[in-house]
$ cat work.txt   # compact mmCIF, C-alpha atoms
# COMPACT_ATOMS: atom_id res chain seq x y z
CA MET A 1 52.66 67.86 6.86
CA ASN A 2 52.57 69.68 10.20
CA THR A 3 55.49 69.75 12.64
CA ALA A 4 53.79 67.55 15.25
CA LEU A 5 53.12 64.76 12.73
CA LYS A 6 56.72 64.94 11.48
CA GLY A 7 57.89 64.50 15.07
CA VAL A 8 55.70 61.42 15.59
CA LEU A 9 56.92 59.80 12.36
CA THR A 10 60.55 60.58 13.19
CA THR A 11 60.19 59.01 16.63
CA GLY A 12 58.57 55.96 15.06
CA LEU A 13 61.41 55.53 12.57
CA LEU A 14 64.04 55.80 15.29
CA ALA A 15 62.20 53.23 17.37
CA ALA A 16 62.02 50.96 14.33
CA CYS A 17 65.78 51.03 13.89
CA ALA A 18 66.46 50.20 17.54
CA TRP A 19 63.56 47.89 18.36
CA GLY A 20 62.71 45.65 15.43
CA GLY A 21 60.82 47.93 13.08
CA SER A 22 57.85 48.72 15.33
CA GLY A 23 57.57 52.28 13.98
CA ALA A 24 57.12 51.15 10.37
CA HIS A 25 54.55 48.60 11.48
CA ALA A 26 52.54 51.30 13.27
CA ALA A 27 52.60 53.60 10.27
CA ALA A 28 50.99 50.84 8.21
CA GLU A 29 48.45 49.92 10.89
CA GLY A 30 47.47 53.43 11.95
CA THR A 31 46.07 54.09 15.41
CA ALA A 32 45.52 50.76 17.15
CA PRO A 33 43.01 50.15 19.95
CA ILE A 34 43.91 49.02 23.45
CA PRO A 35 42.84 45.36 23.88
CA LYS A 36 39.75 44.75 26.01
CA VAL A 37 41.63 42.07 27.92
CA MET A 38 45.36 42.32 28.65
CA THR A 39 47.58 39.80 30.40
CA LEU A 40 50.50 41.06 32.42
CA VAL A 41 52.98 38.18 32.54
CA VAL A 42 55.26 38.01 35.58
CA PRO A 43 58.10 35.56 34.82
CA PHE A 44 58.57 34.74 38.50
CA SER A 45 56.65 32.97 41.27
CA PRO A 46 53.96 34.76 43.29
CA GLY A 47 54.90 36.75 46.37
CA GLY A 48 58.01 38.65 45.28
CA SER A 49 58.29 42.32 44.40
CA ASN A 50 57.63 41.65 40.71
CA ASP A 51 54.36 39.92 41.52
CA VAL A 52 53.23 42.45 44.15
CA PHE A 53 54.00 45.44 41.93
CA ALA A 54 52.38 43.85 38.88
CA ARG A 55 49.12 43.06 40.67
CA GLU A 56 48.71 46.54 42.07
CA LEU A 57 49.65 48.09 38.74
CA GLY A 58 47.31 45.77 36.85
CA MET A 59 44.35 46.66 39.03
CA ARG A 60 44.88 50.38 38.63
CA LEU A 61 45.72 50.11 34.94
CA SER A 62 42.46 48.28 34.35
CA LYS A 63 40.52 51.16 35.89
CA ALA A 64 42.49 53.77 33.96
CA LEU A 65 42.04 52.04 30.59
CA GLY A 66 38.53 50.70 31.13
CA ASN A 67 39.56 47.15 30.29
CA THR A 68 40.48 43.95 32.13
CA VAL A 69 44.10 43.34 33.13
CA VAL A 70 44.96 39.82 34.27
CA VAL A 71 48.25 39.01 36.02
CA GLU A 72 49.75 35.63 35.12
CA ASN A 73 52.77 34.13 36.87
CA LYS A 74 54.80 32.11 34.38
CA ALA A 75 57.94 31.22 36.32
CA GLY A 76 60.88 29.05 35.35
CA ALA A 77 64.52 29.20 34.27
CA GLY A 78 65.15 32.38 36.21
CA GLY A 79 62.50 34.31 34.30
CA THR A 80 63.39 33.03 30.85
CA ILE A 81 60.20 31.01 30.28
CA GLY A 82 57.75 33.84 30.94
CA THR A 83 59.91 36.36 29.12
CA GLY A 84 60.17 34.13 26.06
CA ASP A 85 56.42 33.61 26.12
CA VAL A 86 55.79 37.34 25.74
CA ALA A 87 58.48 37.65 23.06
CA ARG A 88 56.48 35.20 20.93
CA ALA A 89 53.05 36.75 21.65
CA THR A 90 50.88 38.61 19.15
CA PRO A 91 52.15 42.22 19.04
CA ASP A 92 48.86 43.96 19.81
CA GLY A 93 49.28 44.86 23.49
CA SER A 94 47.18 41.95 24.73
CA ARG A 95 50.16 40.19 26.34
CA LEU A 96 52.75 42.22 28.21
CA LEU A 97 55.79 41.44 30.35
CA PHE A 98 56.29 42.84 33.84
CA THR A 99 59.88 42.22 34.85
CA SER A 100 62.86 43.70 36.63
CA VAL A 101 66.55 44.48 36.34
CA SER A 102 67.24 40.74 35.93
CA PHE A 103 65.97 41.16 32.36
CA THR A 104 69.22 42.97 31.51
CA THR A 105 71.64 41.13 33.81
CA LYS A 106 70.48 37.78 32.40
CA ALA A 107 71.09 39.13 28.91
CA GLY A 108 74.63 39.92 30.02
CA VAL A 109 75.56 36.45 31.24
CA GLU A 110 73.46 33.94 29.28
CA THR A 111 74.72 32.89 25.87
CA SER A 112 71.63 31.05 24.62
CA LEU A 113 68.48 32.96 25.52
CA PRO A 114 65.42 32.03 23.41
CA TYR A 115 64.84 35.72 22.65
CA ASP A 116 66.84 38.85 21.92
CA PRO A 117 66.54 41.37 24.78
CA ILE A 118 66.60 44.25 22.32
CA LYS A 119 65.04 43.01 19.09
CA SER A 120 62.28 40.86 20.62
CA PHE A 121 60.62 43.59 22.69
CA ALA A 122 59.14 47.06 22.61
CA PRO A 123 59.90 48.76 25.96
CA VAL A 124 56.70 50.34 27.30
CA ALA A 125 57.42 51.94 30.67
CA LEU A 126 59.99 52.03 33.44
CA VAL A 127 57.65 51.66 36.41
CA ALA A 128 60.01 52.19 39.37
CA ARG A 129 63.69 52.27 40.23
CA GLY A 130 65.97 52.86 43.18
CA GLY A 131 69.42 52.28 44.60
CA MET A 132 70.62 49.08 46.22
CA ILE A 133 72.41 48.82 49.55
CA LEU A 134 75.95 47.71 50.42
CA VAL A 135 75.91 45.80 53.71
CA ALA A 136 78.54 43.99 55.78
CA LYS A 137 78.69 41.40 58.55
CA PRO A 138 78.58 42.83 62.09
CA GLU A 139 82.15 41.86 63.09
CA LEU A 140 83.83 43.12 59.93
CA THR A 141 86.82 45.31 60.79
CA TYR A 142 85.99 48.01 58.27
CA GLN A 143 82.99 49.97 59.46
CA THR A 144 82.86 52.78 56.92
CA LEU A 145 82.57 53.01 53.15
CA ALA A 146 86.10 54.39 52.82
CA ALA A 147 87.55 51.57 54.93
CA PHE A 148 85.63 48.98 52.91
CA VAL A 149 86.87 50.30 49.57
CA ALA A 150 90.43 50.40 50.89
CA ALA A 151 90.14 46.78 52.05
CA LEU A 152 88.62 45.77 48.70
CA LYS A 153 91.60 47.25 46.89
CA ASP A 154 94.11 45.51 49.18
CA PRO A 155 95.31 42.29 47.47
CA LYS A 156 96.30 40.89 50.87
CA GLN A 157 92.66 40.80 51.95
CA GLN A 158 90.27 38.28 50.41
CA ILE A 159 86.79 39.71 50.77
CA ASN A 160 83.89 37.44 49.93
CA TYR A 161 80.39 38.50 48.98
CA GLY A 162 77.05 36.81 48.53
CA SER A 163 74.34 37.08 45.90
CA ALA A 164 71.14 35.37 44.78
CA GLY A 165 73.08 33.54 42.08
CA ILE A 166 75.19 33.89 38.94
CA GLY A 167 74.01 36.81 36.86
CA SER A 168 71.91 38.30 39.66
CA ILE A 169 72.00 42.06 40.08
CA GLY A 170 73.77 41.53 43.42
CA GLN A 171 76.66 39.78 41.71
CA MET A 172 76.77 42.22 38.81
CA ALA A 173 76.75 45.22 41.13
CA MET A 174 79.62 43.91 43.26
CA GLU A 175 81.65 42.81 40.23
CA SER A 176 81.08 46.24 38.71
CA LEU A 177 82.47 47.79 41.88
CA GLY A 178 85.40 45.37 41.82
CA SER A 179 86.09 46.33 38.22
CA GLU A 180 86.14 50.01 39.13
CA VAL A 181 88.71 49.56 41.89
CA ARG A 182 90.67 46.73 40.20
CA ALA A 183 89.73 44.12 42.79
CA LYS A 184 88.41 40.56 42.62
CA PRO A 185 86.22 39.70 45.62
CA LEU A 186 85.23 36.06 46.06
CA HIS A 187 81.69 35.37 44.88
CA ILE A 188 79.51 33.00 46.92
CA PRO A 189 76.21 32.37 45.08
CA TYR A 190 73.15 31.36 47.09
CA GLN A 191 69.76 29.93 46.17
CA GLY A 192 67.96 33.16 47.03
CA ILE A 193 69.12 35.98 49.24
CA THR A 194 67.62 34.77 52.57
CA ASN A 195 70.38 32.24 53.20
CA ALA A 196 73.00 34.86 52.40
CA VAL A 197 71.50 37.19 55.01
CA THR A 198 71.54 34.36 57.55
CA ASP A 199 75.23 33.69 56.89
CA MET A 200 76.03 37.38 57.15
CA ILE A 201 74.29 37.63 60.52
CA GLY A 202 76.37 34.64 61.62
CA ASN A 203 79.59 36.36 60.46
CA ARG A 204 80.18 33.73 57.75
CA LEU A 205 79.72 36.16 54.86
CA ASP A 206 81.63 39.44 54.57
CA THR A 207 79.47 41.64 52.41
CA MET A 208 76.92 41.95 49.61
CA ILE A 209 74.93 44.42 47.55
CA THR A 210 71.21 43.74 47.60
CA THR A 211 67.81 45.41 47.68
CA PRO A 212 67.06 47.23 50.94
CA ALA A 213 63.84 45.26 51.40
CA SER A 214 65.73 41.95 51.50
CA VAL A 215 67.77 43.04 54.53
CA SER A 216 65.35 45.44 56.24
CA GLY A 217 64.73 43.14 59.23
CA ALA A 218 68.44 42.49 59.81
CA LEU A 219 69.18 46.20 59.55
CA GLN A 220 66.44 47.16 61.97
CA GLY A 221 67.68 44.52 64.39
CA LYS A 222 71.24 45.84 63.98
CA GLN A 223 72.36 42.35 63.01
CA ILE A 224 74.26 43.62 59.96
CA ARG A 225 75.82 46.95 59.05
CA ALA A 226 74.78 49.27 56.21
CA LEU A 227 77.76 50.95 54.52
CA ALA A 228 76.35 52.82 51.52
CA MET A 229 73.73 53.06 48.79
CA THR A 230 74.54 52.35 45.15
CA SER A 231 72.33 55.10 43.70
CA ALA A 232 73.97 58.02 41.92
CA GLU A 233 72.60 60.38 44.57
CA LYS A 234 71.60 59.94 48.20
CA SER A 235 68.47 57.89 48.72
CA PRO A 236 65.51 59.66 50.34
CA PHE A 237 64.87 56.40 52.20
CA PHE A 238 68.38 56.31 53.71
CA PRO A 239 69.38 59.97 53.97
CA ASN A 240 72.14 59.28 56.48
CA LEU A 241 73.96 56.76 54.29
CA PRO A 242 76.66 57.84 51.83
CA VAL A 243 76.62 56.62 48.24
CA VAL A 244 79.35 54.37 46.86
CA ALA A 245 80.14 57.13 44.37
CA ASP A 246 81.52 59.18 47.26
CA ALA A 247 84.47 56.78 47.34
CA VAL A 248 84.30 55.50 43.74
CA PRO A 249 83.31 58.47 41.55
CA GLY A 250 80.76 57.68 38.87
CA PHE A 251 79.67 54.35 40.31
CA ALA A 252 75.92 53.70 40.30
CA VAL A 253 73.68 50.63 40.08
CA GLU A 254 69.89 50.59 40.26
CA ALA A 255 67.23 48.00 40.81
CA TRP A 256 64.26 48.62 38.53
CA TRP A 257 60.93 47.23 37.34
CA GLY A 258 59.30 47.79 33.96
CA VAL A 259 56.76 46.75 31.35
CA PHE A 260 57.58 45.39 27.89
CA ALA A 261 55.46 44.46 24.87
CA PRO A 262 56.39 42.12 22.01
CA ALA A 263 58.39 43.73 19.20
CA LYS A 264 56.29 45.36 16.46
CA THR A 265 53.51 46.33 18.87
CA PRO A 266 52.02 49.51 17.32
CA PRO A 267 53.61 52.64 18.84
CA ALA A 268 50.11 54.08 19.30
CA VAL A 269 49.41 51.23 21.74
CA VAL A 270 52.82 51.56 23.41
CA GLU A 271 52.39 55.32 23.86
CA LYS A 272 48.92 54.98 25.37
CA LEU A 273 50.08 52.26 27.75
CA ASN A 274 53.11 54.34 28.71
CA ALA A 275 50.95 57.35 29.55
CA ALA A 276 48.54 55.26 31.61
CA ILE A 277 51.31 53.42 33.50
CA ASN A 278 53.18 56.64 34.24
CA THR A 279 49.99 58.16 35.62
CA VAL A 280 48.88 55.28 37.85
CA SER A 281 52.44 54.75 39.12
CA GLN A 282 52.28 58.18 40.73
CA ASP A 283 49.20 57.21 42.75
CA PRO A 284 49.88 57.58 46.52
CA ALA A 285 49.09 53.90 47.11
CA MET A 286 51.57 52.88 44.42
CA ARG A 287 54.22 55.22 45.79
CA GLU A 288 53.73 53.69 49.22
CA LEU A 289 54.13 50.21 47.75
CA PHE A 290 57.31 51.22 45.93
CA ALA A 291 58.66 52.80 49.11
CA ARG A 292 58.68 49.37 50.76
CA GLU A 293 61.42 48.47 48.26
CA ALA A 294 63.12 51.87 48.73
CA THR A 295 62.20 52.79 45.16
CA GLU A 296 60.26 55.58 43.49
CA PRO A 297 58.05 55.72 40.38
CA SER A 298 59.60 56.71 37.08
CA SER A 299 58.10 58.55 34.11
CA LEU A 300 60.33 57.82 31.11
CA THR A 301 58.92 57.83 27.59
CA PRO A 302 59.10 54.57 25.61
CA ALA A 303 62.10 55.92 23.67
CA GLN A 304 63.88 56.90 26.89
CA PHE A 305 63.16 53.52 28.44
CA ALA A 306 64.44 51.76 25.32
CA ALA A 307 67.70 53.73 25.53
CA TYR A 308 67.96 52.92 29.24
CA VAL A 309 67.54 49.19 28.62
CA ASP A 310 70.04 49.27 25.76
CA ARG A 311 72.65 50.89 28.02
CA GLU A 312 71.99 48.34 30.77
CA VAL A 313 72.31 45.35 28.42
CA THR A 314 75.53 46.75 26.97
CA ARG A 315 76.92 47.44 30.44
CA TRP A 316 76.30 43.94 31.75
CA LYS A 317 77.50 42.21 28.59
CA THR A 318 80.74 44.19 28.77
CA LEU A 319 81.20 43.44 32.46
CA SER A 320 80.43 39.73 31.98
CA LYS A 321 83.09 39.46 29.30
CA GLU A 322 85.64 41.36 31.38
CA ARG A 323 84.99 39.38 34.58
CA ASN A 324 84.27 36.04 32.88
CA ILE A 325 80.72 35.75 34.25
CA LYS A 326 78.50 33.48 32.22
CA ILE A 327 75.85 30.81 32.25
CA GLU A 328 76.29 28.30 29.45

$ encode --input "work.txt" --output "structure tokens"
Amino acid sequence: MNTALKGVLTTGLLAACAWGGSGAHAAAEGTAPIPKVMTLVVPFSPGGSNDVFARELGMRLSKALGNTVVVENKAGAGGTIGTGDVARATPDGSRLLFTSVSFTTKAGVETSLPYDPIKSFAPVALVARGGMILVAKPELTYQTLAAFVAALKDPKQQINYGSAGIGSIGQMAMESLGSEVRAKPLHIPYQGITNAVTDMIGNRLDTMITTPASVSGALQGKQIRALAMTSAEKSPFFPNLPVVADAVPGFAVEAWWGVFAPAKTPPAVVEKLNAAINTVSQDPAMRELFAREATEPSSLTPAQFAAYVDREVTRWKTLSKERNIKIE
């Protein structure tokens, strides 16, 4: 057996151990064809970043693969309905999930999901990722990252923060920061981030961590103040902003979007889809679309993406237990 084939089989066996035996399934099935028609399920309503990214990706993926890619919005229960639908689908690549960081934060806080975030899926590709932004109300006394962290640590000050709801990446990011500095800011959950932005502009909400796109108008109008980015390194989209890690070493939180297949999808299919997605994601039009969310395309292998997701799920489960964050 040649070295290259040994490497493929070894990778398949490792994937099988971590992701429901998909490597062993592929070995039995051999090279599997890409379906002529694929459905990209978005577990959220039309119009958001998940939907916009999925439709552009689907169109370009269809051209790259020479097949038909249909985008289907299957919203409900914060993404659980559409996600569960793909978990139960035939594992041949015909039905895929396009989702975001909420896939892992939900796994951290929900105790009764109808699927296992690790065992029910084969991670295909991390499409894009980028840092989030820490913002504050205009009349807040602390106007720098250092002053904010100092105030957060001060037990005499009760800082509140907003998010799009329990288990949202905004809550998890701020609670992760609170954990790092041994602080407990007051969480105010909203039905969506728009109302939180409105309250922040009106000086009724102290701070929050959110995606740059959700506060771009308020930032441009100087109605709220940007303090820092949550990426590990400075964002190319906000080069003048510090990163939270400057004041809290090692801190980093990303927003991300990715594609998943049902568990036991043949690795030959997963690998081909990964290569195609990584290629079309680098297209200038896709990069421009990602830039609107202050994110950039990624190019992880399926194994690297699987490890990334596993770390994220573990991180949020640990944090949820520590900070008592849960949805029954």

$ residues_near_point --input "work.txt" --point "(65.3, 56.1, 45.1)" --cutoff "12 Å" --atoms "all atoms listed in the file" --output "number ranges by chain"
A: 128-133, 211-212, 229-239, 243, 252-256, 287, 290-298

$ write_last_selection --input "work.txt" --atoms "C-alpha atoms" --output "PDB file, keeping the file's coordinate frame"
ATOM      1  CA  ALA A 128      60.010  52.190  39.370  1.00  0.00           C
ATOM      2  CA  ARG A 129      63.690  52.270  40.230  1.00  0.00           C
ATOM      3  CA  GLY A 130      65.970  52.860  43.180  1.00  0.00           C
ATOM      4  CA  GLY A 131      69.420  52.280  44.600  1.00  0.00           C
ATOM      5  CA  MET A 132      70.620  49.080  46.220  1.00  0.00           C
ATOM      6  CA  ILE A 133      72.410  48.820  49.550  1.00  0.00           C
ATOM      7  CA  THR A 211      67.810  45.410  47.680  1.00  0.00           C
ATOM      8  CA  PRO A 212      67.060  47.230  50.940  1.00  0.00           C
ATOM      9  CA  MET A 229      73.730  53.060  48.790  1.00  0.00           C
ATOM     10  CA  THR A 230      74.540  52.350  45.150  1.00  0.00           C
ATOM     11  CA  SER A 231      72.330  55.100  43.700  1.00  0.00           C
ATOM     12  CA  ALA A 232      73.970  58.020  41.920  1.00  0.00           C
ATOM     13  CA  GLU A 233      72.600  60.380  44.570  1.00  0.00           C
ATOM     14  CA  LYS A 234      71.600  59.940  48.200  1.00  0.00           C
ATOM     15  CA  SER A 235      68.470  57.890  48.720  1.00  0.00           C
ATOM     16  CA  PRO A 236      65.510  59.660  50.340  1.00  0.00           C
ATOM     17  CA  PHE A 237      64.870  56.400  52.200  1.00  0.00           C
ATOM     18  CA  PHE A 238      68.380  56.310  53.710  1.00  0.00           C
ATOM     19  CA  PRO A 239      69.380  59.970  53.970  1.00  0.00           C
ATOM     20  CA  VAL A 243      76.620  56.620  48.240  1.00  0.00           C
ATOM     21  CA  ALA A 252      75.920  53.700  40.300  1.00  0.00           C
ATOM     22  CA  VAL A 253      73.680  50.630  40.080  1.00  0.00           C
ATOM     23  CA  GLU A 254      69.890  50.590  40.260  1.00  0.00           C
ATOM     24  CA  ALA A 255      67.230  48.000  40.810  1.00  0.00           C
ATOM     25  CA  TRP A 256      64.260  48.620  38.530  1.00  0.00           C
ATOM     26  CA  ARG A 287      54.220  55.220  45.790  1.00  0.00           C
ATOM     27  CA  PHE A 290      57.310  51.220  45.930  1.00  0.00           C
ATOM     28  CA  ALA A 291      58.660  52.800  49.110  1.00  0.00           C
ATOM     29  CA  ARG A 292      58.680  49.370  50.760  1.00  0.00           C
ATOM     30  CA  GLU A 293      61.420  48.470  48.260  1.00  0.00           C
ATOM     31  CA  ALA A 294      63.120  51.870  48.730  1.00  0.00           C
ATOM     32  CA  THR A 295      62.200  52.790  45.160  1.00  0.00           C
ATOM     33  CA  GLU A 296      60.260  55.580  43.490  1.00  0.00           C
ATOM     34  CA  PRO A 297      58.050  55.720  40.380  1.00  0.00           C
ATOM     35  CA  SER A 298      59.600  56.710  37.080  1.00  0.00           C
TER      36      SER A 298
END

$ axis_aligned_box --input "work.txt" --around "region 246-261 of chain A" --padding-each-side "4 Å" --output "lines of an AutoDock Vina configuration file"
center_x = 70.0
center_y = 51.8
center_z = 36.1
size_x = 37.0
size_y = 22.7
size_z = 30.5

$ closest_residue --input "work.txt" --among "A:Gln158, A:Thr90, A:Thr265, A:Gln143" --to "Ala122 (chain A)" --atoms "all atoms listed in the file"
A:Thr265

$ residues_around --input "work.txt" --residues "Lys222 (chain A)" --least-positions-apart "4" --cutoff "10 Å" --atoms "only C-alpha atoms" --output "list in words"
Pro138, Ile201, Ser216, Gly217, Ala218 and Ala226 of chain A

$ write_last_selection --input "work.txt" --atoms "C-alpha atoms" --output "mmCIF file, in the frame of the given file"
data_model
loop_
_atom_site.group_PDB
_atom_site.id
_atom_site.type_symbol
_atom_site.label_atom_id
_atom_site.label_comp_id
_atom_site.auth_asym_id
_atom_site.auth_seq_id
_atom_site.Cartn_x
_atom_site.Cartn_y
_atom_site.Cartn_z
ATOM 1 C CA PRO A 138 78.580 42.830 62.090
ATOM 2 C CA ILE A 201 74.290 37.630 60.520
ATOM 3 C CA SER A 216 65.350 45.440 56.240
ATOM 4 C CA GLY A 217 64.730 43.140 59.230
ATOM 5 C CA ALA A 218 68.440 42.490 59.810
ATOM 6 C CA ALA A 226 74.780 49.270 56.210
#

$ closest_residue --input "work.txt" --among "A:Pro33, A:Gly79, A:Pro155, A:Pro249" --to "Val101 (chain A)" --atoms "all atoms listed in the file"
A:Gly79

$ closest_atom_pairs --input "work.txt" --of "region 107-166 of chain A" --to "region 94-98 of chain A" --cutoff "12 Å" --atoms "all atoms listed in the file" --output "tab-separated table"
residue	atom	partner	partner_atom	distance
A:Ser120	CA	A:Leu97	CA	11.7
A:Phe121	CA	A:Leu97	CA	9.3
A:Ala122	CA	A:Leu96	CA	9.8
A:Pro123	CA	A:Leu97	CA	9.5
A:Val124	CA	A:Leu96	CA	9.1
A:Ala125	CA	A:Phe98	CA	9.7
A:Leu126	CA	A:Phe98	CA	9.9
A:Val127	CA	A:Phe98	CA	9.3
A:Ala128	CA	A:Phe98	CA	11.5

$ atom_distance --input "work.txt" --atom1 "CA of Pro117 (chain A)" --atom2 "CA of Ala303 (chain A)"
15.3 Å

$ residues_around --input "work.txt" --residues "Glu72 (chain A)" --least-positions-apart "4" --cutoff "8 Å" --atoms "only C-alpha atoms" --output "PyMOL selection string"
chain A and resi 39-42

$ residues_around --input "work.txt" --residues "region 146-149 of chain A" --least-positions-apart "4" --cutoff "10 Å" --atoms "all atoms listed in the file" --output "ChimeraX atom specification"
/A:136,140-142,153-154,159,177-178,181,183,207,227-228,244,246-248

$ atom_distance --input "work.txt" --atom1 "CA of Ser112 (chain A)" --atom2 "CA of Glu175 (chain A)"
22.0 Å

$ atom_distance --input "work.txt" --atom1 "CA of Asn50 (chain A)" --atom2 "CA of Ile327 (chain A)"
22.8 Å

$ closest_residue --input "work.txt" --among "A:Asn203, A:Gln223, A:Thr314, A:Thr279" --to "Ala107 (chain A)" --atoms "only C-alpha atoms"
A:Thr314
